[in-house]
Each structure stands twice: as C-alpha cells, then as structure tokens.
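In what follows, a structure is listed as structure tokens, so that the remarks can point back to it.
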Amino acid sequence: MSDGYETKIKQLEAAQKRAETIAEINAALSLIQNDEDILEAIGPFVEQFGVELYSISYAEDIQEDGKPGTLHTVAIRNGAGEKIPLESLPQVRFPLAQFPLNNLAFATPNQPLFVEDGMTDPRTEDGDSRSILTALGINGFVVLPLQTSSIARGLISFNWSQPQTFPQEMRDILTAIQPTLAAIVASRQAQIQMMEKDKADRDKLEKLVEERTAALQDELQRSAQLQQEVIDAQKQALLELSTPIIPIMDRIIIMPIIGTVDTQRARDITRALLRGISDYRAQIVIVDVTGVPLVDTNVADHLNRTIQAARLKGAHTILTGISDAVAETVVDLGIDWSDLETLRDMQTGLVAALRRLGIRMVRSG
Amino acid sequence: MAESKHFRIQDALDVLKARREGMQIAAMLGFSHADATKIAVVISELGRNIVNYAGTGTITVLTREDDKGKSVKIIADDKGPGIEDIDHVMLGGNSTSGGLGLGLSGSKRLMDEFHIRSSSGSGTTVTTTKWIR
Amino acid sequence: MNFIGIQKLENLLLVSVPRDLIDDEVIRLRRDILKAIRLYKTQIVLLDFSQVDISDSFFGRFIYSTSQMTQLMGAKIILSGLQDAVIETMVELGMTLPEVDAVLDLDDALELSRQLATEQQIEIEDGADDVTKQGKT
C-alpha cells in the first residue's frame with residue numbers, strides 16, 4: 001500500500017515540478033520581444049540535458065499543403081547558451097528537401113521528433129539522412145515542428161553529437177510547450193509581417209509625403225515668384241500707364257503726358273523716354289502735353305530738361321498739345337520755348353515728324 | 001549701421017578713386033544707379049575743386065540712417081585759399097565753360113542738402129547729403 | 001599712323017572716349033583727334049561715350065572744348081552712346097551742350113555723315129554749274 005502511495009506522491013511531485021517548469025518557460029515566453037528571447041526562454045531548461053546546439057528557424061515558401069519549402073535559421077546557440085552569429089554559418093536557408101528529417105518532423109506536426117541515436121534510429125534509414133547527420137556532427141537530436149492552423153510556422157531543433165537517452169521529463173516538457181512555441185512564432189511572424197507591411201506602408205507614405213512636400217514647396221516657390229512677377233509687372237504697368245510710350249512708325253514715338261508733373265514724375269518721364277528712345281530707336285519724339293493741366297515755370301523747366309535729355313540721345317522732340325492758356329502762361333512767365341518745335345496737336349506733330357524724316361504721306365486714289 | 005570712408009585727395013587719380021568708391025558705397029547702400037551716379041559726380045566736382053584750388057585736401061563719405069531713411073553724406077575739406085564770395089560763385093550758372101561755379105552749383109542741384117563754409121585764407125568745407133528716395 | 005582709341009570709318013572719325021579721363025590723357029586725346037582730322041580730312045568726329053559712366057563738369061568742358069577746336073578745323077563733333085544715367089546727370093547739372101549734336105548709335109552717325117557728303121556733293125555740283133554759267137574760261 002505504501003509503495004503505491006509513495007509512487008503517487010513522487011508522480012505528483014514530478015508533475016508539480018513539470019508544471020512549475022512549464023509555467024516558468026511560459027512566463028519567459030510571454031515576455032519575448034525577438035527570436036533570441038525565445039531561445040533564451042527555453043535555453044536554461046534544455047541546457048540541463050547537455051544540448052550542444054539549439055536553434056530556431058522560420059518556415060518560408062509555404063507550399064500548398066502548408067508545409068515549408070525552406071527553413072530560415074534566425075537564431076542559434078551553443079550548449080553554454082552563447083549566441084552563435086548567423087554570419088558565421090555557412091548557410092542559413094535550407095530547402096526542406098535538403099533535410100529529410102525536418103520533412104519527417106512536419107509529417108507529425110503536433111509532437112516533437114525525438115531521435116536518440118541518429119545512426120541507428122529506423123526513421124533515419126532512408127535517403128541521405130545519416131550521411132547528412134554525420135556531416136553535421138549530429139547524432140541525437142530533437143526537432144520541434146511549429147505549426148498553427150495547418151500552416152508551418154517554423155521549427156526549433158536541439159542537437160547532440162553523441163547518442164542520447166532523453167529523460168521523460170524533457171520529453172514531457174518539450175511536448176507541453178510545443179503548442180505555445182508554435183503560437184508564439186506564428187504570432188511573431190504575423191507581427192513581423194504587419195510591421196513590414198506597416199513599414200512598407202509607412203515608407204510609401206513617407207515617400208509620398210516627401211514628394212508632395214517637395215511638389216508643394218516648388219509650387220510655393222513658383223507662386224511666390226509669380227506673385228513677385230505680378231507685383232513687378234504691376235509696378236511696371238503703373239509706370240508705363242503714367243508714362244506711356246507709343247511707337248508710331250519706324251523711328252517715331254509718341255509720349256502723351258497726363259496729369260501733373262512734379263520733380264519725381266519728371267524724372268520718371270525722362271527715364272521712360274530715354275528707355276523708349278533706345279527700345280524703339282526713335283529719332284523723333286512727339287511729347288504731347290494736352291493732358292497736363294498746369295504748365296508753370298517748374299513744369300516748363302522739367303519739360304525742357306526732358307527734351308534736352310532726348311536730344312543728347314539723338315532724338316528730336318516735337319512738343320504738341322499746347323493749349324491757348326498754356327501758350328499764354330509760357331510767354332507771360334518769360335519761358336523761352338522759341339527754339340523748341342511746338343505744334344498744335346499730335347496729328348500735326350506726326351506730319352512734321354514724317355517730313356523731317358523725309359517721308360511724305362500721300363492719300364491714294 | 002554707419003560706415004565711413006576717408007579719402008586723401010592730392011591729384012586727379014585720387015579724385016577718380018574717391019568717386020568710383022563713393023559710387024559703390026552708394027549703390028551698396030541701396031541708391032538707384034542714377035542716384036549713385038549723381039553722388040559720384042558730386043564727389044568728382046568737389047575733389048577737382050580741391051586739386052585745382054587747394055592742392056590737397058580730404059573727402060569723407062559717410063553712410064547713415066535716420067528718420068528720413070538711409071543717406072550718404074560727403075564732406076570735402078581743404079585748407080586752401082578759400083572762397084571770398086560764396087553767393088557769387090554759387091550762382092555760377094549754366095555755362096559749360098566751367099570754373100568753380102558750375103561744380104558747386106551743379107553739386108547743390110544734385111544733392112538734397114548742401115552746406116558750404118569758406119572764407120578767404122581759411123580753407124573750405126563742403127558738407128552735402130543725399131537720401132535714398 | 002596709329003591713334004589709340006581713334007578709328008577712321010568711311011569719312012567719319014570714331015573716337016572711343018575712355019571711362020575715367022584725367023587731365024594729361026585728355027590733352028593727348030584731343031591732340032590726337034585734331035591730328036587725325038588733319039590727316040584724314042575728316043568732317044565728322046563721332047565721340048562714343050558708351051564707356052563713360054560718370055560725367056562731371058570736367059567731362060562737359062572736354063566735350064565743349066573739343067567741339068570748338070574741331071569746328072575751327074572745319075569738322076564737327078557728334079556725341080553718341082551716352083548712358084541714360086549720364087544724360088540724366090548732365091541735364092540736371094545744366095550741362096546740355098546745345099551746340100553739339102548727338103545720335104543714337106554708329107549706324108545713325110554713318111547715315112548722317114553720308115547725308116552730309118551727299119549734300120556737299122550737290123553743293124559742289126551746283127557751284128560748278130554756276131561757274132560754267134558765268135562763262136568763265
């Protein structure tokens with residue numbers, strides 16, 4: 001009777017211990033943030049059993065039947081729990097065809113594949129399995145296929161160089177945590193996929209934003225330039241409106257002056273006239289003052305100066321539009337315009353200009 | 001920010017240098033090309049007067065900013081014989097045959113403010129300013 | 001004979017006035033102009049001021065005196081290429097040089113000199129007619 005009782009207690013204790021170990025491993029697994037952390041969670045447990053190499057791989061190129069086409073090692077450690085850099089491995093991607101034993105593991109995806117002696121186990125008999133194992137220096141090994149919803153997610157493998165006897169505890173616990181590991185890897189992959197999609201989306205978004213910002217900046221620049229051009233054009237137009245230069249014929253221009261002529265305006269008029277003379281290669285300028293309301297000494301002075309300036313540029317000026325009132329004022333003020341060619345109106349001025357240039361206008365018919 | 005440049009005037013080359021640099025100073029301050037030219041002409045006139053009548057003197061070009069805006073002030077100074085009758089000289093007139101009159105009266109016309117202090121035997125100082133319109 | 005800055009073109013003398021004139025250079029230039037007029041029997045001296053950007057009273061006096069001297073030699077001065085800012089200053093200084101003609105550019109100067117040559121040709125021909133009419137032997 002006591003034997004049975006002790007066995008029961010031993011069994012219970014063992015079960016409790018197993019439960020605690022699984023709880024520990026699960027707790028560690030709940031905190032993982034990357035692939036290394038997965039190995040970190042199960043490492044201490046398996047290292048107890050002298051494992052020499054253990055790694056985790058992700059399934060890629062999932063076939064129609066849910067089986068992996070390739071396995072991609074993402075983390076690998078030695079028996080001391082030390083990370084082995086992936087760069088030091090000759091290969092990290094393995095087509096499943098190269099490793100028939102992995103294939104075998106996925107044949108029964110809901111349980112681990114325990115092989116205590118790779119050289120003698122009947123399951124390693126066919127194909128090149130044994131020569132591959134020898135080449136890799138593997139004898140005893142355990143493969144944990146990780147699969148959820150009938151789709152391979154990856155696998156975790158544990159390797160020994162010598163044949164082993166796997167204690168029941170190890171078998172039980174690895175079997176117990178296999179679904180959790182599968183779920184975790186599946187979830188990580190989904191996360192990574194989402195992150196990559198997110199990243200791809202984000203990159204796309206960033207690029208789009210960049211392009212739009214650059215385009216916007218270009219538009220802003222162009223619109224600012226345009227605005228400035230509009231402002232300049234407006235200023236120029238205003239200036240021109242107040243000092244219009246009208247080319248009539250080859251080498252004759254007319255400049256009607258409208259409004260009051262003060263010192264600054266006189267300067268603008270002179271400058272516009274000089275520019276007009278070079279722009280149109282004018283030899284004769286008809287300055288019409290019909291639109292100038294008041295002609296006093298100052299205005300007469302300004303006009304004089306404008307005419308002298310035109311002369312120094314090689315153009316002869318004909319002043320037109322002198323009203324009776326203006327004529328009176330000019331003489332009364334003692335302004336001497338006798339050497340100036342002054343005519344009644346623009347038409348007369350034009351005729352005089354043409355005559356001066358040696359052109360005679362004849363009415364046809 | 002006020003700036004000042006001092007020129008020693010002893011011959012025609014000094015005048016050329018002063019007027020060209022003066023024109024640049026005016027242009028950089030923001031004067032239109034036409035107005036910077038006028039400032040150069042004034043420096044030229046005042047400088048020539050120094051060379052022709054006093055032999056040696058100085059021209060100072062100052063940039064200033066006040067409530068009327070930015071301006072260039074020219075101070076032409078010499079310890080020459082001086083001008084006895086300033087008014088008479090300033091009425092110099094429009095003749096192109098020149099002389100002291102055209103230079104001074106012309107300069108006055110080109111600038112906004114113009115002061116001349118001179119008397120026989122005690123040299124001449126001309127202070128004249130033009131603002132950016 | 002080689003004159004610096006002076007070129008003969010048809011019956012024109014083309015003078016490029018340098019930017020900054022100082023006194024002895026001016027005297028030399030004027031002398032060269034007069035020499036050239038004598039040598040080429042020039043009637044029109046075209047003073048090109050495109051290089052000049054500052055025009056004080058000295059500048060005005062140069063033009064005036066050169067004009068007077070050339071007139072004494074039976075030729076005349078024509079101004080061309082005056083910059084707008086220079087013209088503005090000259091006019092404001094009252095330096096309008098009324099006795100001196102101006103043209104816009106070289107083309108116009110050439111046209112003017114050709115016109116003058118034609119007019120003179122006509123005058124000479126008219127004069128010749130008069131002479132023969134008077135039955136001179």
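Letters A, B, ... mark the chains of the structure tokens in the order given; residue numbers begin at 1 per chain; ligand numbers begin at 1, in order shown.
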- Task: Could the residues of chain B within 12 Å of chain A, counting only C-alpha atoms, be given as a PyMOL selection string, please?
- Result: chain B and resi 33-35+133
Take the selection from the previous step and output its residues with C-alpha atoms, as a JSON list (two decimals), in the first residue's frame.
```
[["chain", "number", "residue", "atom", "x", "y", "z"],
["B", 33, "HIS", "CA", 22.05, 103.56, -60.39],
["B", 34, "ALA", "CA", 21.11, 107.06, -61.49],
["B", 35, "ASP", "CA", 21.39, 108.46, -57.95],
["B", 133, "ARG", "CA", 14.14, 108.04, -52.18]]
```
- Can you list, as a PyMOL selection string, all residues belonging to stretch 19-123 of chain B that DSSP tags as alpha helix (DSSP H)? chain B and resi 19-29+33-49+86-90+100-110
- Message: Considering only C-alpha atoms, can you say which of B:Ser4, B:Ser32, B:Thr37, B:Gln10 comes closest to chain C?
- Response: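 Ranking B:Ser4, B:Ser32, B:Thr37, B:Gln10 by distance to chain C, first place goes to B:Thr37.
Checking B:Gly57, B:Gly103, B:Gly30, B:Pro81 one by one against chain C, counting only C-alpha atoms, you find the shortest gap at B:Gly103.
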Residues of chain C within 9 Å of chain A, only C-alpha atoms counted, as a JSON list (two decimals) with C-alpha atoms, in the first residue's frame:
```json
[["chain", "number", "residue", "atom", "x", "y", "z"],
["C", 79, "LEU", "CA", 28.03, 112.59, -79.49],
["C", 80, "SER", "CA", 26.81, 109.04, -79.21],
["C", 81, "GLY", "CA", 26.42, 106.27, -76.69],
["C", 82, "LEU", "CA", 25.73, 108.47, -73.70],
["C", 83, "GLN", "CA", 24.33, 106.31, -70.92],
["C", 84, "ASP", "CA", 20.91, 107.19, -69.53],
["C", 85, "ALA", "CA", 22.26, 107.91, -66.04],
["C", 87, "ILE", "CA", 22.39, 112.05, -69.59],
["C", 88, "GLU", "CA", 20.18, 112.48, -66.54],
["C", 90, "MET", "CA", 24.23, 116.19, -67.31],
["C", 91, "VAL", "CA", 20.79, 117.63, -67.76],
["C", 92, "GLU", "CA", 20.37, 118.15, -64.04],
["C", 94, "GLY", "CA", 22.57, 122.13, -66.67],
["C", 96, "THR", "CA", 23.19, 120.31, -72.03],
["C", 97, "LEU", "CA", 25.82, 121.17, -74.67],
["C", 98, "PRO", "CA", 23.41, 122.86, -77.06],
["C", 100, "VAL", "CA", 26.81, 119.77, -80.07],
["C", 101, "ASP", "CA", 24.73, 117.22, -81.98],
["C", 102, "ALA", "CA", 24.04, 113.74, -80.79],
["C", 103, "VAL", "CA", 22.99, 110.50, -82.45],
["C", 104, "LEU", "CA", 21.71, 107.26, -81.03],
["C", 105, "ASP", "CA", 24.41, 104.99, -82.38],
["C", 108, "ASP", "CA", 22.84, 106.80, -87.37]]
```
- Task: Could you please tell me, as a list in words, which residues of chain C have an atom within 9 Å of chain B when using only C-alpha atoms?
- Result: Asp20, Leu21, Ile22, Asp23, Asp53, Ile54, Ser55, Asp56, Ser57, Phe58, Gly60, Arg61, Tyr64, Ser65, Asp84, Ala85, Val86, Glu88, Thr89, Glu92, Leu93, Gly94, Met95, Thr96 and Leu97 of chain C
- Message: Could you go through stretch 45-120 of chain B and tell me which residues DSSP, when run on the backbone, assigns to strand (DSSP E or B), listing them as JSON, numbers by chain?
- Response: {"B": [57, 58, 59, 60, 61, 62, 63, 64, 65, 66, 69, 70, 71, 72, 73, 74, 75, 76, 77, 78, 113, 114, 115, 116, 117, 118]}
Take the residues that were just selected and, keeping N, CA and C atoms, output them as a PDB file, in the first residue's frame.
```pdb
ATOM      1  N   GLY B  57      43.634 117.978 -49.962  1.00  0.00           N
ATOM      2  CA  GLY B  57      42.520 118.034 -49.021  1.00  0.00           C
ATOM      3  C   GLY B  57      41.996 116.627 -48.767  1.00  0.00           C
ATOM      4  N   THR B  58      40.805 116.551 -48.178  1.00  0.00           N
ATOM      5  CA  THR B  58      40.227 115.221 -47.914  1.00  0.00           C
ATOM      6  C   THR B  58      38.760 115.182 -48.301  1.00  0.00           C
ATOM      7  N   ILE B  59      38.333 114.010 -48.642  1.00  0.00           N
ATOM      8  CA  ILE B  59      36.904 113.772 -48.864  1.00  0.00           C
ATOM      9  C   ILE B  59      36.503 112.584 -48.008  1.00  0.00           C
ATOM     10  N   THR B  60      35.438 112.770 -47.234  1.00  0.00           N
ATOM     11  CA  THR B  60      34.935 111.666 -46.415  1.00  0.00           C
ATOM     12  C   THR B  60      33.541 111.311 -46.886  1.00  0.00           C
ATOM     13  N   VAL B  61      33.306 110.014 -47.053  1.00  0.00           N
ATOM     14  CA  VAL B  61      31.987 109.539 -47.466  1.00  0.00           C
ATOM     15  C   VAL B  61      31.401 108.751 -46.306  1.00  0.00           C
ATOM     16  N   LEU B  62      30.226 109.200 -45.835  1.00  0.00           N
ATOM     17  CA  LEU B  62      29.611 108.516 -44.694  1.00  0.00           C
ATOM     18  C   LEU B  62      28.246 107.967 -45.071  1.00  0.00           C
ATOM     19  N   THR B  63      27.956 106.753 -44.577  1.00  0.00           N
ATOM     20  CA  THR B  63      26.596 106.242 -44.761  1.00  0.00           C
ATOM     21  C   THR B  63      25.886 106.356 -43.425  1.00  0.00           C
ATOM     22  N   ARG B  64      24.662 106.816 -43.476  1.00  0.00           N
ATOM     23  CA  ARG B  64      23.909 106.989 -42.246  1.00  0.00           C
ATOM     24  C   ARG B  64      22.467 106.547 -42.441  1.00  0.00           C
ATOM     25  N   GLU B  65      21.789 106.362 -41.312  1.00  0.00           N
ATOM     26  CA  GLU B  65      20.354 106.072 -41.372  1.00  0.00           C
ATOM     27  C   GLU B  65      19.673 106.878 -40.282  1.00  0.00           C
ATOM     28  N   ASP B  66      18.666 107.646 -40.679  1.00  0.00           N
ATOM     29  CA  ASP B  66      17.922 108.408 -39.660  1.00  0.00           C
ATOM     30  C   ASP B  66      16.435 108.306 -39.967  1.00  0.00           C
ATOM     31  N   GLY B  69      15.482 108.111 -43.450  1.00  0.00           N
ATOM     32  CA  GLY B  69      15.913 106.946 -44.207  1.00  0.00           C
ATOM     33  C   GLY B  69      17.428 106.874 -44.322  1.00  0.00           C
ATOM     34  N   LYS B  70      17.882 106.078 -45.288  1.00  0.00           N
ATOM     35  CA  LYS B  70      19.327 105.905 -45.471  1.00  0.00           C
ATOM     36  C   LYS B  70      19.882 107.046 -46.316  1.00  0.00           C
ATOM     37  N   SER B  71      21.106 107.445 -46.016  1.00  0.00           N
ATOM     38  CA  SER B  71      21.683 108.556 -46.764  1.00  0.00           C
ATOM     39  C   SER B  71      23.189 108.418 -46.888  1.00  0.00           C
ATOM     40  N   VAL B  72      23.720 109.176 -47.850  1.00  0.00           N
ATOM     41  CA  VAL B  72      25.167 109.290 -47.995  1.00  0.00           C
ATOM     42  C   VAL B  72      25.535 110.749 -47.765  1.00  0.00           C
ATOM     43  N   LYS B  73      26.524 110.954 -46.911  1.00  0.00           N
ATOM     44  CA  LYS B  73      26.967 112.314 -46.625  1.00  0.00           C
ATOM     45  C   LYS B  73      28.397 112.455 -47.109  1.00  0.00           C
ATOM     46  N   ILE B  74      28.669 113.540 -47.848  1.00  0.00           N
ATOM     47  CA  ILE B  74      30.020 113.775 -48.351  1.00  0.00           C
ATOM     48  C   ILE B  74      30.567 115.024 -47.671  1.00  0.00           C
ATOM     49  N   ILE B  75      31.766 114.896 -47.124  1.00  0.00           N
ATOM     50  CA  ILE B  75      32.422 116.059 -46.527  1.00  0.00           C
ATOM     51  C   ILE B  75      33.726 116.290 -47.268  1.00  0.00           C
ATOM     52  N   ALA B  76      33.799 117.453 -47.978  1.00  0.00           N
ATOM     53  CA  ALA B  76      35.019 117.773 -48.711  1.00  0.00           C
ATOM     54  C   ALA B  76      35.711 118.919 -47.977  1.00  0.00           C
ATOM     55  N   ASP B  77      36.934 118.680 -47.612  1.00  0.00           N
ATOM     56  CA  ASP B  77      37.617 119.661 -46.775  1.00  0.00           C
ATOM     57  C   ASP B  77      39.017 119.989 -47.293  1.00  0.00           C
ATOM     58  N   ASP B  78      39.338 121.266 -47.314  1.00  0.00           N
ATOM     59  CA  ASP B  78      40.711 121.632 -47.671  1.00  0.00           C
ATOM     60  C   ASP B  78      41.131 122.878 -46.897  1.00  0.00           C
ATOM     61  N   GLU B 113      20.799 118.048 -49.427  1.00  0.00           N
ATOM     62  CA  GLU B 113      21.224 119.092 -48.501  1.00  0.00           C
ATOM     63  C   GLU B 113      22.621 119.508 -48.872  1.00  0.00           C
ATOM     64  N   PHE B 114      22.911 120.811 -48.785  1.00  0.00           N
ATOM     65  CA  PHE B 114      24.221 121.285 -49.237  1.00  0.00           C
ATOM     66  C   PHE B 114      24.646 122.469 -48.372  1.00  0.00           C
ATOM     67  N   HIS B 115      25.772 122.317 -47.688  1.00  0.00           N
ATOM     68  CA  HIS B 115      26.290 123.436 -46.889  1.00  0.00           C
ATOM     69  C   HIS B 115      27.726 123.691 -47.269  1.00  0.00           C
ATOM     70  N   ILE B 116      28.073 124.968 -47.387  1.00  0.00           N
ATOM     71  CA  ILE B 116      29.461 125.282 -47.670  1.00  0.00           C
ATOM     72  C   ILE B 116      29.931 126.355 -46.699  1.00  0.00           C
ATOM     73  N   ARG B 117      31.071 126.110 -46.127  1.00  0.00           N
ATOM     74  CA  ARG B 117      31.651 127.057 -45.179  1.00  0.00           C
ATOM     75  C   ARG B 117      33.023 127.389 -45.696  1.00  0.00           C
ATOM     76  N   SER B 118      33.209 128.623 -46.032  1.00  0.00           N
ATOM     77  CA  SER B 118      34.512 129.006 -46.591  1.00  0.00           C
ATOM     78  C   SER B 118      34.729 130.499 -46.437  1.00  0.00           C
TER      79      SER B 118
END
```
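Taking only C-alpha atoms into account, B:Met28 lies nearest to B:Ile132 out of the set B:Ile9, B:Gly123, B:Ile132, B:Asp87.
Coordinates place atom CA of C:Val45 at a distance of 11.3 Å from atom CA of C:Leu106.
Atom CA of B:Arg8 to atom CA of B:Ile25 spans 16.8 Å [interatomic distance, one decimal].
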